[in-house]
Amino acid sequence: MDSGGRADALGYNTEEVEAIGEGINKYANQTGEVIVTAIKTNIVDKVAEEWVSEVAVEYFYQFKDELKQKEASITGVFQNFSDQIGEAGQNWADQTKGTAPTMPAVDTVTLDLDVSSMKATDGNGDRYMYEDIEEKVKGYVENARTEILSAFANMESEINAETAFFGGGQSEAVQEAASSLGDQVNTMLDEVISSDSGSLITAIQNYKSEYSDTATSNASSFEDSAFTE
């Protein structure tokens with residue numbers, strides 16, 4: 001029976017509410033792959049062409065670990081949403097003396113970032129960081145963010161509340177909440193990528209400053225030396 005046509009009714013459908021949970025889980029499962037793919041191709045692989053040294057390799061393995069630590073909080077975003085959907089179904093079950101939905105647990109979002117493109121030296125044995133890396137990295141981050149948010153927008157279609165809750169603006173409210181999932185995940189990614197004091201962009205800026213200081217100091221020492229005893 002198509003309950004999606006009950007525009008003038010107030011109610012719910014247990015199985016369709018459970019189907020929302022399955023859609024949330026599918027969205028969550030795709031999220032990890034989307035994030036790591038976008039960060040690898042738009043950030044890691046690009047920075048690998050701009051920054052080559054043992055320090056670069058060490059930093060990006062640390063960055064990999066920091067991203068990995070976001071798994072629980074990002075999974076929690078989806079689990080909390082699923083729990084809210086389940087509670088709404090329970091409310092209807094209580095009201096109608098009907099059947100409460102059993103929501104599937106949300107699988108852990110996996111964030112295993114491949115940073116193997118970062119190298120300690122290039123083919124000539126050179127170690128370096130390009131001078132314009134700061135601005136380029138900001139662009140790389142924005143490209144990754146755009147790709148991730150675009151994918152999230154497409155994945156929202158996995159969540160369809162039209163046949164699960166009808167009347168009273170319920171399904172519309174669910175869809176609006178679903179559209180905010182990507183924004184919540186993006187905010188968490190910002191903590192390691194662009195907005196926090198320990199973010200990738202901040203780290204790149206700091207390393208660039210250190211490299212510049214070293215180059216300037218060396219040049220100054222050569223200029224000031226008379227090469228005499």
# chains A, B, ... in the order shown; residues from 1 in each chain; ligands from 1

call {"tool": "residues_around", "arguments": {"residues": "region 116-120 of chain A", "least_positions_apart": "4", "cutoff": "12 Å", "atoms": "only C-alpha atoms", "output": "ChimeraX atom specification"}}
result
/A:40-41,43-61,63-64,112,124-129

call {"tool": "residues_around", "arguments": {"residues": "Glu135 (chain A)", "least_positions_apart": "6", "cutoff": "12 Å", "atoms": "only C-alpha atoms", "output": "short mmCIF file (atom, residue, chain, number, x, y, z; two decimals) with C-alpha atoms, in the first residue's frame"}}
result
data_model
loop_
_atom_site.label_atom_id
_atom_site.label_comp_id
_atom_site.auth_asym_id
_atom_site.auth_seq_id
_atom_site.Cartn_x
_atom_site.Cartn_y
_atom_site.Cartn_z
CA VAL A 47 50.51 18.44 -1.44
CA GLU A 50 54.56 20.59 -3.28
CA VAL A 141 40.93 22.09 0.74
CA GLU A 142 38.06 23.93 -0.94
CA ILE A 201 46.16 24.66 6.73
CA THR A 202 47.60 26.03 9.97
CA ILE A 204 51.28 24.12 6.40
CA GLN A 205 51.49 27.82 7.22
CA LYS A 208 56.27 27.26 5.42
#

call {"tool": "select_by_dssp", "arguments": {"residues": "region 2-205 of chain A", "states": "alpha helix (DSSP H)", "output": "JSON, numbers by chain"}}
result
{"A": [14, 15, 16, 17, 18, 19, 20, 21, 22, 23, 24, 25, 26, 27, 28, 29, 30, 31, 32, 33, 34, 35, 36, 37, 38, 39, 45, 46, 47, 54, 55, 56, 57, 58, 59, 60, 61, 62, 63, 64, 65, 66, 67, 68, 71, 72, 73, 74, 75, 76, 77, 78, 79, 80, 81, 82, 83, 84, 85, 86, 87, 88, 89, 90, 91, 92, 93, 94, 95, 96, 133, 134, 135, 136, 137, 138, 139, 140, 141, 142, 143, 144, 145, 146, 147, 148, 149, 150, 151, 152, 153, 154, 155, 170, 171, 172, 173, 174, 175, 176, 177, 178, 179, 181, 182, 183, 184, 185, 186, 187, 188, 189, 190, 191, 192, 193, 200, 201, 202, 203, 204, 205]}

call {"tool": "write_last_selection", "arguments": {"atoms": "C-alpha atoms", "output": "compact mmCIF listing (two decimals), in the first residue's frame"}}
result
# COMPACT_ATOMS: atom_id res chain seq x y z
CA THR A 14 6.40 0.93 10.83
CA GLU A 15 8.22 -0.83 8.00
CA GLU A 16 8.82 2.43 6.14
CA VAL A 17 10.26 4.00 9.30
CA GLU A 18 12.67 1.07 9.55
CA ALA A 19 13.54 1.62 5.89
CA ILE A 20 14.69 5.12 6.78
CA GLY A 21 17.14 3.50 9.19
CA GLU A 22 18.48 1.35 6.37
CA GLY A 23 18.88 4.46 4.23
CA ILE A 24 20.75 6.25 7.01
CA ASN A 25 23.10 3.30 7.32
CA LYS A 26 23.73 3.26 3.57
CA TYR A 27 24.47 6.99 3.68
CA ALA A 28 26.88 6.45 6.59
CA ASN A 29 28.64 3.57 4.81
CA GLN A 30 29.24 5.73 1.75
CA THR A 31 30.41 8.69 3.80
CA GLY A 32 33.77 7.25 4.83
CA GLU A 33 34.74 6.36 1.28
CA VAL A 34 33.66 9.76 -0.03
CA ILE A 35 35.69 11.63 2.60
CA VAL A 36 38.96 9.71 2.26
CA THR A 37 38.80 9.66 -1.54
CA ALA A 38 38.20 13.41 -1.75
CA ILE A 39 40.95 14.22 0.76
CA ASP A 45 48.27 13.77 -3.60
CA LYS A 46 48.46 17.47 -4.49
CA VAL A 47 50.51 18.44 -1.44
CA GLU A 54 60.75 13.33 6.15
CA VAL A 55 58.82 16.00 8.07
CA ALA A 56 56.10 16.00 5.39
CA VAL A 57 55.74 12.23 5.61
CA GLU A 58 55.65 12.33 9.41
CA TYR A 59 53.06 15.11 9.44
CA PHE A 60 50.69 13.38 7.06
CA TYR A 61 50.81 10.12 8.99
CA GLN A 62 49.84 12.20 12.03
CA PHE A 63 47.08 13.83 9.95
CA LYS A 64 45.89 10.34 8.94
CA ASP A 65 45.61 9.41 12.62
CA GLU A 66 43.74 12.61 13.48
CA LEU A 67 41.22 11.96 10.72
CA LYS A 68 40.83 8.38 11.94
CA GLU A 71 35.22 8.07 13.04
CA ALA A 72 33.27 7.86 16.30
CA SER A 73 31.94 11.42 16.23
CA ILE A 74 30.88 11.24 12.57
CA THR A 75 29.25 7.86 13.14
CA GLY A 76 27.46 9.47 16.08
CA VAL A 77 25.88 12.07 13.79
CA PHE A 78 24.16 9.31 11.82
CA GLN A 79 23.34 7.22 14.88
CA ASN A 80 21.70 10.19 16.62
CA PHE A 81 19.60 10.89 13.55
CA SER A 82 18.55 7.23 13.36
CA ASP A 83 17.66 7.30 17.06
CA GLN A 84 15.48 10.37 16.51
CA ILE A 85 13.65 8.63 13.69
CA GLY A 86 13.13 5.60 15.91
CA GLU A 87 11.78 7.75 18.73
CA ALA A 88 9.32 9.38 16.34
CA GLY A 89 8.11 5.94 15.30
CA GLN A 90 7.83 4.93 18.94
CA ASN A 91 5.72 8.00 19.63
CA TRP A 92 3.29 6.90 16.93
CA ALA A 93 3.26 3.34 18.23
CA ASP A 94 2.38 4.62 21.69
CA GLN A 95 -0.32 6.89 20.29
CA THR A 96 -1.94 4.29 18.02
CA ILE A 133 52.08 26.19 -1.03
CA GLU A 134 49.94 28.11 1.48
CA GLU A 135 47.52 29.52 -1.07
CA LYS A 136 47.50 26.33 -3.10
CA VAL A 137 46.57 24.23 -0.07
CA LYS A 138 43.62 26.51 0.66
CA GLY A 139 42.42 25.79 -2.87
CA TYR A 140 42.98 22.06 -2.46
CA VAL A 141 40.93 22.09 0.74
CA GLU A 142 38.06 23.93 -0.94
CA ASN A 143 38.09 21.44 -3.83
CA ALA A 144 37.87 18.55 -1.37
CA ARG A 145 35.09 20.25 0.57
CA THR A 146 33.08 20.90 -2.61
CA GLU A 147 33.44 17.29 -3.70
CA ILE A 148 32.42 15.94 -0.29
CA LEU A 149 29.39 18.20 0.10
CA SER A 150 28.27 17.46 -3.45
CA ALA A 151 28.41 13.74 -2.73
CA PHE A 152 26.50 14.24 0.52
CA ALA A 153 23.76 16.12 -1.35
CA ASN A 154 23.40 13.18 -3.72
CA MET A 155 23.39 10.63 -0.91
CA GLN A 170 6.63 15.21 9.48
CA SER A 171 8.24 13.90 6.30
CA GLU A 172 9.35 17.40 5.28
CA ALA A 173 10.99 17.87 8.69
CA VAL A 174 12.82 14.56 8.33
CA GLN A 175 14.13 15.51 4.88
CA GLU A 176 15.27 18.89 6.15
CA ALA A 177 17.11 17.22 9.04
CA ALA A 178 18.69 14.76 6.60
CA SER A 179 20.02 17.66 4.55
CA LEU A 181 23.85 15.69 8.10
CA GLY A 182 26.47 16.70 5.55
CA ASP A 183 26.90 20.10 7.16
CA GLN A 184 27.47 18.50 10.56
CA VAL A 185 30.07 16.12 9.15
CA ASN A 186 31.74 18.98 7.27
CA THR A 187 32.06 20.94 10.53
CA MET A 188 33.85 18.00 12.13
CA LEU A 189 36.21 17.68 9.16
CA ASP A 190 37.00 21.40 9.44
CA GLU A 191 38.60 20.73 12.81
CA VAL A 192 41.40 18.76 11.17
CA ILE A 193 41.48 20.44 7.77
CA LEU A 200 46.21 21.08 8.04
CA ILE A 201 46.16 24.66 6.73
CA THR A 202 47.60 26.03 9.97
CA ALA A 203 50.32 23.36 10.00
CA ILE A 204 51.28 24.12 6.40
CA GLN A 205 51.49 27.82 7.22

call {"tool": "residues_around", "arguments": {"residues": "Arg6 (chain A)", "least_positions_apart": "4", "cutoff": "10 Å", "atoms": "only C-alpha atoms", "output": "ChimeraX atom specification"}}
result
/A:2,10-11,162-163,165-167

call {"tool": "write_last_selection", "arguments": {"atoms": "N, CA and C atoms", "output": "mmCIF file, in the first residue's frame"}}
result
data_model
loop_
_atom_site.group_PDB
_atom_site.id
_atom_site.type_symbol
_atom_site.label_atom_id
_atom_site.label_comp_id
_atom_site.auth_asym_id
_atom_site.auth_seq_id
_atom_site.Cartn_x
_atom_site.Cartn_y
_atom_site.Cartn_z
ATOM 1 N N ASP A 2 0.547 2.181 -0.840
ATOM 2 C CA ASP A 2 1.330 3.411 -0.941
ATOM 3 C C ASP A 2 0.790 4.457 0.009
ATOM 4 N N LEU A 10 -2.849 11.701 9.179
ATOM 5 C CA LEU A 10 -1.809 11.853 10.206
ATOM 6 C C LEU A 10 -1.450 10.461 10.692
ATOM 7 N N GLY A 11 -0.213 10.056 10.499
ATOM 8 C CA GLY A 11 0.153 8.715 10.936
ATOM 9 C C GLY A 11 1.550 8.301 10.533
ATOM 10 N N GLU A 162 8.781 10.097 3.021
ATOM 11 C CA GLU A 162 7.439 10.396 2.521
ATOM 12 C C GLU A 162 6.428 9.306 2.853
ATOM 13 N N THR A 163 6.857 8.036 2.776
ATOM 14 C CA THR A 163 5.932 6.935 3.045
ATOM 15 C C THR A 163 6.033 6.417 4.476
ATOM 16 N N PHE A 165 6.285 8.717 7.459
ATOM 17 C CA PHE A 165 5.513 9.626 8.305
ATOM 18 C C PHE A 165 4.654 10.492 7.395
ATOM 19 N N PHE A 166 3.373 10.570 7.666
ATOM 20 C CA PHE A 166 2.529 11.407 6.830
ATOM 21 C C PHE A 166 1.650 12.316 7.674
ATOM 22 N N GLY A 167 1.516 13.531 7.139
ATOM 23 C CA GLY A 167 0.733 14.539 7.824
ATOM 24 C C GLY A 167 1.544 15.381 8.781
#
